[in-house]
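Content type TSV, C-alpha atoms (C1' of nucleotides), from the file entry-v7.tsv:
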```tsv
chain	number	residue	atom	x	y	z
A	472	MET	CA	-46.75	17.45	53.63
A	473	LYS	CA	-44.57	17.59	50.52
A	474	ILE	CA	-41.66	19.95	49.98
A	475	GLY	CA	-43.56	22.25	47.65
A	476	GLU	CA	-46.26	22.98	50.17
A	477	VAL	CA	-43.78	23.54	52.97
A	478	ALA	CA	-41.91	25.91	50.68
A	479	ARG	CA	-45.07	27.87	49.90
A	480	ARG	CA	-46.21	27.99	53.49
A	481	CYS	CA	-42.87	28.97	54.98
A	482	GLY	CA	-41.89	31.40	52.24
A	483	VAL	CA	-38.70	29.56	51.32
A	484	SER	CA	-37.73	27.76	48.12
A	485	ALA	CA	-37.75	23.98	47.80
A	486	SER	CA	-34.06	23.99	46.91
A	487	ALA	CA	-33.32	26.01	50.02
A	488	LEU	CA	-35.17	23.41	52.09
A	489	ARG	CA	-33.07	20.62	50.56
A	490	TYR	CA	-30.00	22.70	51.28
A	491	TYR	CA	-31.03	23.17	54.91
A	492	GLU	CA	-31.44	19.43	55.30
A	493	GLN	CA	-28.10	18.76	53.66
A	494	GLU	CA	-26.44	21.31	55.94
A	495	ARG	CA	-28.10	19.74	58.99
A	496	LEU	CA	-30.03	22.85	59.98
A	497	ILE	CA	-33.04	20.58	60.19
A	498	PRO	CA	-33.04	16.85	61.05
A	499	PRO	CA	-33.28	14.38	58.12
A	500	VAL	CA	-36.76	14.56	56.65
A	501	PRO	CA	-38.48	11.15	56.39
A	502	ARG	CA	-39.11	9.87	52.81
A	503	ARG	CA	-42.04	8.08	51.29
A	504	GLY	CA	-41.46	6.61	47.87
A	505	GLY	CA	-38.27	8.61	47.60
A	506	ARG	CA	-40.05	11.90	48.28
A	507	ARG	CA	-39.63	14.00	51.39
A	508	GLU	CA	-42.69	13.85	53.61
A	509	PHE	CA	-42.61	16.69	56.15
A	510	ASP	CA	-44.32	15.87	59.43
A	511	ASP	CA	-44.96	18.33	62.27
A	512	ARG	CA	-41.47	17.85	63.61
A	513	SER	CA	-39.87	18.75	60.32
A	514	VAL	CA	-42.11	21.72	59.66
A	515	THR	CA	-41.39	22.98	63.13
A	516	ALA	CA	-37.69	22.64	62.50
A	517	VAL	CA	-38.05	24.68	59.31
A	518	ALA	CA	-39.99	27.32	61.23
A	519	VAL	CA	-37.22	27.59	63.79
A	520	VAL	CA	-34.59	27.91	61.07
A	521	GLN	CA	-36.61	30.56	59.26
A	522	LEU	CA	-36.96	32.54	62.45
A	523	ALA	CA	-33.21	32.42	62.99
A	524	ARG	CA	-32.37	33.25	59.36
A	525	ARG	CA	-34.74	36.22	59.36
A	526	ALA	CA	-33.19	37.40	62.57
A	527	GLY	CA	-29.86	37.59	60.78
A	528	PHE	CA	-28.14	34.36	61.80
A	529	SER	CA	-25.89	32.83	59.17
A	530	ILE	CA	-26.18	29.18	58.20
A	531	GLY	CA	-23.31	28.20	60.49
A	532	GLU	CA	-24.70	30.23	63.35
A	533	THR	CA	-28.15	28.75	62.86
A	534	ARG	CA	-26.75	25.23	62.89
A	535	GLN	CA	-25.02	25.95	66.15
A	536	LEU	CA	-28.15	27.58	67.53
A	537	VAL	CA	-30.43	24.62	66.83
A	538	GLY	CA	-27.71	22.30	68.13
A	539	GLU	CA	-27.65	24.20	71.40
A	540	PHE	CA	-31.41	24.24	71.73
A	541	GLY	CA	-32.54	24.44	75.34
A	542	ARG	CA	-29.09	25.06	76.75
A	543	ASN	CA	-27.75	28.25	78.21
A	544	ARG	CA	-25.22	28.85	75.49
A	545	TRP	CA	-28.05	29.45	73.10
A	546	ARG	CA	-29.14	32.50	75.01
A	547	ARG	CA	-25.62	33.84	75.06
A	548	LEU	CA	-25.34	33.41	71.30
A	549	ALA	CA	-28.65	35.13	70.75
A	550	SER	CA	-27.94	38.09	72.97
A	551	ARG	CA	-24.53	38.53	71.40
A	552	LYS	CA	-26.16	38.61	67.98
A	553	LEU	CA	-28.63	41.17	69.27
A	554	ASP	CA	-25.75	43.37	70.39
A	555	GLU	CA	-24.22	43.07	66.95
A	556	VAL	CA	-27.35	44.20	65.19
A	557	ARG	CA	-27.91	47.01	67.63
A	558	GLU	CA	-24.40	48.21	66.92
A	559	THR	CA	-25.10	48.12	63.20
A	560	ALA	CA	-28.27	50.09	63.75
A	561	VAL	CA	-26.41	52.69	65.78
A	562	ARG	CA	-23.74	53.07	63.10
A	563	LEU	CA	-26.43	53.46	60.48
A	564	GLN	CA	-28.20	56.10	62.49
A	565	GLU	CA	-24.97	58.02	62.86
A	566	MET	CA	-24.49	57.76	59.13
A	567	THR	CA	-28.01	58.92	58.45
A	568	ARG	CA	-27.70	61.89	60.77
A	569	LEU	CA	-24.48	62.82	59.04
A	570	LEU	CA	-26.06	62.54	55.61
A	571	GLU	CA	-29.01	64.64	56.64
A	572	LYS	CA	-26.73	67.31	57.99
A	573	LEU	CA	-24.76	67.39	54.76
A	574	LEU	CA	-27.87	67.53	52.63
A	575	ASP	CA	-29.24	70.34	54.76
A	576	CYS	CA	-26.12	72.43	54.48
A	577	ASP	CA	-26.10	72.30	50.68
A	578	CYS	CA	-22.47	71.42	50.18
A	579	PRO	CA	-21.17	72.40	46.75
A	580	ASP	CA	-19.34	69.16	46.00
A	581	LEU	CA	-18.05	65.89	47.33
A	582	ASP	CA	-14.70	67.33	48.19
A	583	PHE	CA	-16.22	69.97	50.42
A	584	CYS	CA	-18.67	67.55	52.00
A	585	GLY	CA	-15.78	65.19	52.55
A	586	ARG	CA	-13.95	67.76	54.61
A	587	VAL	CA	-17.03	68.07	56.79
A	588	ILE	CA	-17.17	64.29	57.12
A	589	ARG	CA	-13.51	64.10	58.08
A	590	LYS	CA	-14.09	66.65	60.81
A	591	ARG	CA	-17.05	64.80	62.29
A	592	SER	CA	-15.94	61.23	61.88
A	593	ASN	CA	-13.34	59.50	63.99
A	594	LEU	CA	-11.97	57.64	61.02
A	595	GLU	CA	-8.29	57.89	60.18
A	596	LYS	CA	-7.21	59.34	63.48
A	597	GLY	CA	-7.55	56.78	66.31
A	598	ASP	CA	-5.80	53.50	67.13
A	599	PRO	CA	-4.18	52.55	63.85
A	600	LYS	CA	-4.38	48.80	64.52
A	601	GLU	CA	-6.99	46.39	65.77
A	602	ARG	CA	-10.01	47.60	63.83
A	603	ARG	CA	-12.54	46.20	61.41
A	604	PRO	CA	-15.18	44.57	63.64
A	605	ALA	CA	-18.53	43.30	62.37
A	606	ARG	CA	-17.18	42.62	58.88
A	607	GLY	CA	-16.85	38.97	57.99
A	608	ARG	CA	-17.67	36.35	60.61
A	609	SER	CA	-19.00	37.45	63.94
A	610	ALA	CA	-16.73	36.87	66.88
A	611	ALA	CA	-19.34	34.83	68.70
A	612	PHE	CA	-19.18	31.93	66.28
A	613	THR	CA	-15.66	31.67	64.93
A	614	ARG	CA	-14.79	28.57	66.93
A	615	GLU	CA	-17.41	26.35	65.32
A	616	GLU	CA	-16.83	27.82	61.88
A	617	ALA	CA	-13.16	26.92	62.13
A	618	SER	CA	-13.93	23.35	63.17
A	619	ARG	CA	-15.92	22.40	60.07
B	208	MET	CA	0.23	59.30	51.63
B	209	LYS	CA	0.89	55.78	50.37
B	210	ILE	CA	-1.60	52.95	50.35
B	211	GLY	CA	-0.14	51.21	53.37
B	212	GLU	CA	-0.53	54.20	55.61
B	213	VAL	CA	-4.08	54.86	54.42
B	214	ALA	CA	-4.88	51.23	55.11
B	215	ARG	CA	-3.49	51.42	58.62
B	216	ARG	CA	-5.20	54.69	59.38
B	217	CYS	CA	-8.59	53.74	57.99
B	218	GLY	CA	-8.60	50.19	59.29
B	219	VAL	CA	-8.96	48.62	55.86
B	220	SER	CA	-6.56	46.41	53.92
B	221	ALA	CA	-4.49	47.69	51.02
B	222	SER	CA	-6.07	45.14	48.70
B	223	ALA	CA	-9.52	46.33	49.74
B	224	LEU	CA	-8.48	49.88	48.87
B	225	ARG	CA	-7.34	48.76	45.42
B	226	TYR	CA	-10.60	46.93	45.07
B	227	TYR	CA	-12.58	50.04	46.02
B	228	GLU	CA	-10.77	52.03	43.40
B	229	GLN	CA	-11.33	49.38	40.77
B	230	GLU	CA	-15.02	49.24	41.66
B	231	ARG	CA	-15.28	53.03	41.45
B	232	LEU	CA	-16.31	53.54	45.04
B	233	ILE	CA	-13.56	56.13	45.20
B	234	PRO	CA	-12.27	58.27	42.31
B	235	PRO	CA	-9.04	57.16	40.62
B	236	VAL	CA	-6.14	57.75	42.97
B	237	PRO	CA	-3.29	59.78	41.43
B	238	ARG	CA	0.03	57.91	40.91
B	239	ARG	CA	3.60	58.95	41.42
B	240	GLY	CA	6.18	56.68	39.91
B	241	GLY	CA	3.52	54.05	39.44
B	242	ARG	CA	2.51	54.09	43.11
B	243	ARG	CA	-0.79	55.40	44.45
B	244	GLU	CA	-0.37	58.70	46.23
B	245	PHE	CA	-3.46	59.44	48.34
B	246	ASP	CA	-4.17	63.14	48.73
B	247	ASP	CA	-6.83	64.64	51.01
B	248	ARG	CA	-9.51	64.09	48.39
B	249	SER	CA	-8.76	60.41	48.12
B	250	VAL	CA	-8.48	59.83	51.85
B	251	THR	CA	-11.78	61.61	52.31
B	252	ALA	CA	-13.37	59.38	49.71
B	253	VAL	CA	-12.11	56.33	51.56
B	254	ALA	CA	-13.52	57.70	54.81
B	255	VAL	CA	-16.91	58.15	53.20
B	256	VAL	CA	-16.85	54.63	51.82
B	257	GLN	CA	-15.82	53.20	55.18
B	258	LEU	CA	-18.67	55.03	56.87
B	259	ALA	CA	-21.14	53.59	54.39
B	260	ARG	CA	-19.71	50.06	54.57
B	261	ARG	CA	-19.80	50.08	58.36
B	262	ALA	CA	-23.37	51.29	58.25
B	263	GLY	CA	-24.25	48.15	56.30
B	264	PHE	CA	-24.30	49.38	52.70
B	265	SER	CA	-23.15	46.83	50.15
B	266	ILE	CA	-20.53	47.70	47.53
B	267	GLY	CA	-23.22	48.38	44.92
B	268	GLU	CA	-25.25	50.47	47.30
B	269	THR	CA	-22.18	52.41	48.37
B	270	ARG	CA	-21.28	53.14	44.75
B	271	GLN	CA	-24.74	54.47	44.14
B	272	LEU	CA	-24.61	56.44	47.38
B	273	VAL	CA	-21.36	58.26	46.56
B	274	GLY	CA	-22.63	58.80	43.02
B	275	GLU	CA	-25.73	60.50	44.38
B	276	PHE	CA	-23.75	62.64	46.78
B	277	GLY	CA	-25.53	65.89	47.62
B	278	ARG	CA	-28.75	64.96	45.88
B	279	ASN	CA	-32.04	64.11	47.52
B	280	ARG	CA	-32.07	60.53	46.37
B	281	TRP	CA	-29.17	59.88	48.67
B	282	ARG	CA	-31.27	60.65	51.68
B	283	ARG	CA	-34.02	58.38	50.47
B	284	LEU	CA	-31.55	55.52	50.03
B	285	ALA	CA	-30.13	56.09	53.48
B	286	SER	CA	-33.46	56.21	55.24
B	287	ARG	CA	-34.63	53.13	53.42
B	288	LYS	CA	-31.53	51.31	54.60
B	289	LEU	CA	-32.23	52.49	58.12
B	290	ASP	CA	-35.72	51.01	57.90
B	291	GLU	CA	-34.23	47.74	56.73
B	292	VAL	CA	-31.85	47.48	59.64
B	293	ARG	CA	-34.51	48.50	62.11
B	294	GLU	CA	-36.71	45.72	60.79
B	295	THR	CA	-33.87	43.24	61.20
B	296	ALA	CA	-33.37	44.44	64.75
B	297	VAL	CA	-37.05	44.04	65.52
B	298	ARG	CA	-37.08	40.50	64.16
B	299	LEU	CA	-34.01	39.67	66.20
B	300	GLN	CA	-35.61	41.04	69.32
B	301	GLU	CA	-38.69	38.94	68.71
B	302	MET	CA	-36.43	35.95	68.27
B	303	THR	CA	-34.56	36.72	71.45
B	304	ARG	CA	-37.73	37.18	73.48
B	305	LEU	CA	-38.96	33.86	72.15
B	306	LEU	CA	-35.72	32.11	72.99
B	307	GLU	CA	-35.70	33.53	76.47
B	308	LYS	CA	-39.23	32.39	77.04
B	309	LEU	CA	-38.38	28.88	75.91
B	310	LEU	CA	-35.28	28.74	78.07
B	311	ASP	CA	-37.24	29.96	81.04
B	312	CYS	CA	-39.95	27.35	80.67
B	313	ASP	CA	-37.46	24.46	80.59
B	314	CYS	CA	-38.86	22.63	77.60
B	315	PRO	CA	-37.89	18.95	77.56
B	316	ASP	CA	-36.82	18.79	73.90
B	317	LEU	CA	-36.76	20.53	70.55
B	318	ASP	CA	-39.99	18.92	69.46
B	319	PHE	CA	-41.89	20.31	72.42
B	320	CYS	CA	-40.24	23.71	72.14
B	321	GLY	CA	-41.06	23.65	68.47
B	322	ARG	CA	-44.74	23.31	69.18
B	323	VAL	CA	-44.53	26.38	71.37
B	324	ILE	CA	-42.73	28.21	68.59
B	325	ARG	CA	-45.35	27.24	66.07
B	326	LYS	CA	-48.06	28.61	68.31
B	327	ARG	CA	-46.34	31.92	68.83
B	328	SER	CA	-44.89	32.51	65.39
B	329	ASN	CA	-46.88	33.59	62.38
B	330	LEU	CA	-44.81	31.40	60.10
B	331	GLU	CA	-46.53	28.89	57.86
B	332	LYS	CA	-49.99	30.35	58.18
B	333	GLY	CA	-50.24	33.74	56.43
B	334	ASP	CA	-50.12	34.80	52.76
B	335	PRO	CA	-48.40	31.83	51.09
B	336	LYS	CA	-46.85	33.97	48.36
B	337	GLU	CA	-44.88	37.21	48.22
B	338	ARG	CA	-42.54	36.72	51.15
B	339	ARG	CA	-38.81	36.66	51.79
B	340	PRO	CA	-37.85	40.31	52.23
B	341	ALA	CA	-34.43	41.48	53.41
B	342	ARG	CA	-32.71	38.39	52.06
B	343	GLY	CA	-30.58	38.99	48.98
B	344	ARG	CA	-30.59	42.45	47.43
B	345	SER	CA	-32.51	45.20	49.11
B	346	ALA	CA	-35.46	46.57	47.19
B	347	ALA	CA	-34.06	50.09	47.27
B	348	PHE	CA	-31.16	49.32	44.97
B	349	THR	CA	-32.21	46.63	42.55
B	350	ARG	CA	-32.47	48.95	39.57
B	351	GLU	CA	-28.83	49.94	39.54
B	352	GLU	CA	-27.67	46.43	40.36
B	353	ALA	CA	-29.55	45.16	37.32
B	354	SER	CA	-27.96	47.76	35.08
B	355	ARG	CA	-24.39	46.68	35.63
C	947	DC	C1'	25.60	48.92	44.84
C	948	DT	C1'	22.72	45.99	46.92
C	949	DA	C1'	19.24	44.22	50.05
C	950	DG	C1'	14.77	44.82	51.87
C	951	DG	C1'	10.33	46.22	52.05
C	952	DA	C1'	6.47	48.29	50.20
C	953	DC	C1'	4.35	48.76	46.23
C	954	DT	C1'	2.37	47.39	41.21
C	955	DT	C1'	-0.89	44.41	38.04
C	956	DC	C1'	-3.27	40.32	36.92
C	957	DG	C1'	-5.62	36.28	37.39
C	958	DA	C1'	-7.22	32.91	40.39
C	959	DG	C1'	-9.15	31.45	44.74
C	960	DT	C1'	-12.38	31.76	48.87
C	961	DA	C1'	-16.75	31.57	51.79
C	962	DC	C1'	-21.50	32.04	51.97
C	963	DA	C1'	-26.11	30.81	50.59
C	964	DC	C1'	-28.15	29.32	47.70
C	965	DT	C1'	-29.81	28.36	42.47
C	966	DC	C1'	-29.86	25.92	38.17
C	967	DG	C1'	-29.74	22.22	34.88
C	968	DA	C1'	-29.48	17.54	33.51
C	969	DG	C1'	-31.35	13.33	33.70
C	970	DG	C1'	-34.40	10.53	35.93
C	971	DT	C1'	-38.69	8.98	39.10
C	972	DC	C1'	-43.33	8.90	40.90
C	973	DA	C1'	-48.39	9.60	41.36
C	974	DA	C1'	-52.74	11.56	40.13
C	975	DG	C1'	-56.04	12.96	36.61
C	976	DA	C1'	-58.07	12.72	31.63
D	774	DT	C1'	-52.57	4.24	29.43
D	775	DC	C1'	-50.58	8.42	28.93
D	776	DT	C1'	-49.37	12.87	30.22
D	777	DT	C1'	-48.28	16.33	33.40
D	778	DG	C1'	-46.18	18.25	37.15
D	779	DA	C1'	-43.87	17.84	41.23
D	780	DC	C1'	-40.29	15.59	43.02
D	781	DC	C1'	-35.37	13.22	43.25
D	782	DT	C1'	-29.86	13.55	43.17
D	783	DC	C1'	-25.64	15.43	41.78
D	784	DG	C1'	-22.56	18.58	40.17
D	785	DA	C1'	-21.77	23.04	38.56
D	786	DG	C1'	-22.75	27.97	38.57
D	787	DT	C1'	-23.80	32.67	40.76
D	788	DG	C1'	-22.87	37.13	43.19
D	789	DT	C1'	-20.55	39.52	46.89
D	790	DA	C1'	-16.43	41.19	48.80
D	791	DC	C1'	-12.68	40.57	49.06
D	792	DT	C1'	-7.79	37.81	49.54
D	793	DC	C1'	-3.71	35.62	47.75
D	794	DG	C1'	0.21	34.53	44.90
D	795	DA	C1'	3.25	35.36	41.13
D	796	DA	C1'	6.22	38.21	38.91
D	797	DG	C1'	7.96	42.41	38.57
D	798	DT	C1'	9.04	47.70	40.09
D	799	DC	C1'	10.54	51.43	43.03
D	800	DC	C1'	12.73	53.70	46.98
D	801	DT	C1'	15.58	54.01	50.97
D	802	DA	C1'	19.27	52.53	54.21
D	803	DG	C1'	23.52	50.63	54.83
```

I'd like the structure from this file rewritten - as structure tokens, please.
Amino acid sequence: MKIGEVARRCGVSASALRYYEQERLIPPVPRRGGRREFDDRSVTAVAVVQLARRAGFSIGETRQLVGEFGRNRWRRLASRKLDEVRETAVRLQEMTRLLEKLLDCDCPDLDFCGRVIRKRSNLEKGDPKERRPARGRSAAFTREEASR
Amino acid sequence: MKIGEVARRCGVSASALRYYEQERLIPPVPRRGGRREFDDRSVTAVAVVQLARRAGFSIGETRQLVGEFGRNRWRRLASRKLDEVRETAVRLQEMTRLLEKLLDCDCPDLDFCGRVIRKRSNLEKGDPKERRPARGRSAAFTREEASR
DNA sequence: CTAGGACTTCGAGTACACTCGAGGTCAAGA
DNA sequence: TCTTGACCTCGAGTGTACTCGAAGTCCTAG
């Protein structure tokens, strides 16, 4: 199967597929006459990568994931990522609830609404050090990211 | 309140705060002797931005969000974002279930596991066009992103 | 008065995840 | 045979969200 068909079937661009190969997310794809010829193995590898990418794993995380295939660490990585996303979802729900409340109460302006927000949120009052989680790299993967 | 204290209290760097001002996520902060002097208004604005950023809104989305403050569109944007994150969480859970299954069944290698994945996943069989959601910009905000 | 630290602007640099363009190759159909 | 389209590599470019460094300013303590 040539790269174009794989791209169409997997919903990913051909250049992304080349990039995945280059970044070793998938094993080297065999060539025929200079062109990539995807066999079942390769297509499977792409499917695995797609699954991981859609689940929110970064390129580096995905590389580590496929490298750890079948070992216990994999599960740990996955469940940690799940926790991360759940936390994001929780924060978003809090945000949404807050927004809905504000919209309901017909605040006159941002300044007023802001005062409401400051009352309800725990920003700017607690532990003024050691903050900012979930931005940037995820804690679960920093070791491997550093070593490339 | 000077920028350093705001940074410490809100768990964001001073340079990020300058960046937020420059990107109009927060209104211009008043100066005194050339230095930013954050009043309640400004600190509130930062709190709002932090809330949005932690909930997963991008810079562009956050700008639009604070611009739409108090109007109905805001709620629509927020609930759409919630849907997005929920979808991500669902995909991740699917992924995790799949991984757990594979780990449980002690597959001998990636190739074998891959065949299992290909059986269970709906990748590479359905609608070979119109895919790739949730990667790149979110559909909810593309209009404003285009117009900058 | 002077040293130090926190602040200022500005431009450049960074990481991620691709994407694009140039310049060339290969294979199938008219 | 020729053309067309899909493919190749390589290097550069893109957008996001900052971060960093240089060079200079301001305020406070000693």

Using all atoms listed in the file and a distance of at most 8 Å, pull out the residues of chain B that contact chain D, as a list in words. Ser222, Ala223, Tyr226, Gly240 and Ile266 of chain B

Give the residues of chain C that lie within 8 Å of chain B; count all atoms listed in the file, and format the answer as a list of chain:residue names.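 Using all atoms listed in the file, chain C residues at most 8 Å from chain B: C:DA952, C:DC953, C:DT954.
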
Could you give me, as a list in words, the residues within 9 Å of A:Val537, counting all atoms listed in the file and dropping anything in the same chain fewer than 5 positions from it? Leu496, Ile497, Ala516, Val519, Val520, Glu532 and Trp545 of chain A; Leu317 of chain B

To one decimal place, how far is atom CA of A:Gly531 from atom C1' of C:DC962 in Å? 9.5 Å

What's the separation between atom CA of A:Glu492 and atom CA of B:Val297, in Å to one decimal place?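 These two atoms are separated by 27.2 Å.
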
Please, what distance in Å, to one decimal, runs between atom CA of B:Glu294 and atom CA of B:Gly274? 26.2 Å

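Proximity to chain A was assessed for B:Glu230, B:Gln271, B:Gly218, B:Arg283 counting all atoms listed in the file; the smallest distance is recorded for B:Gly218.
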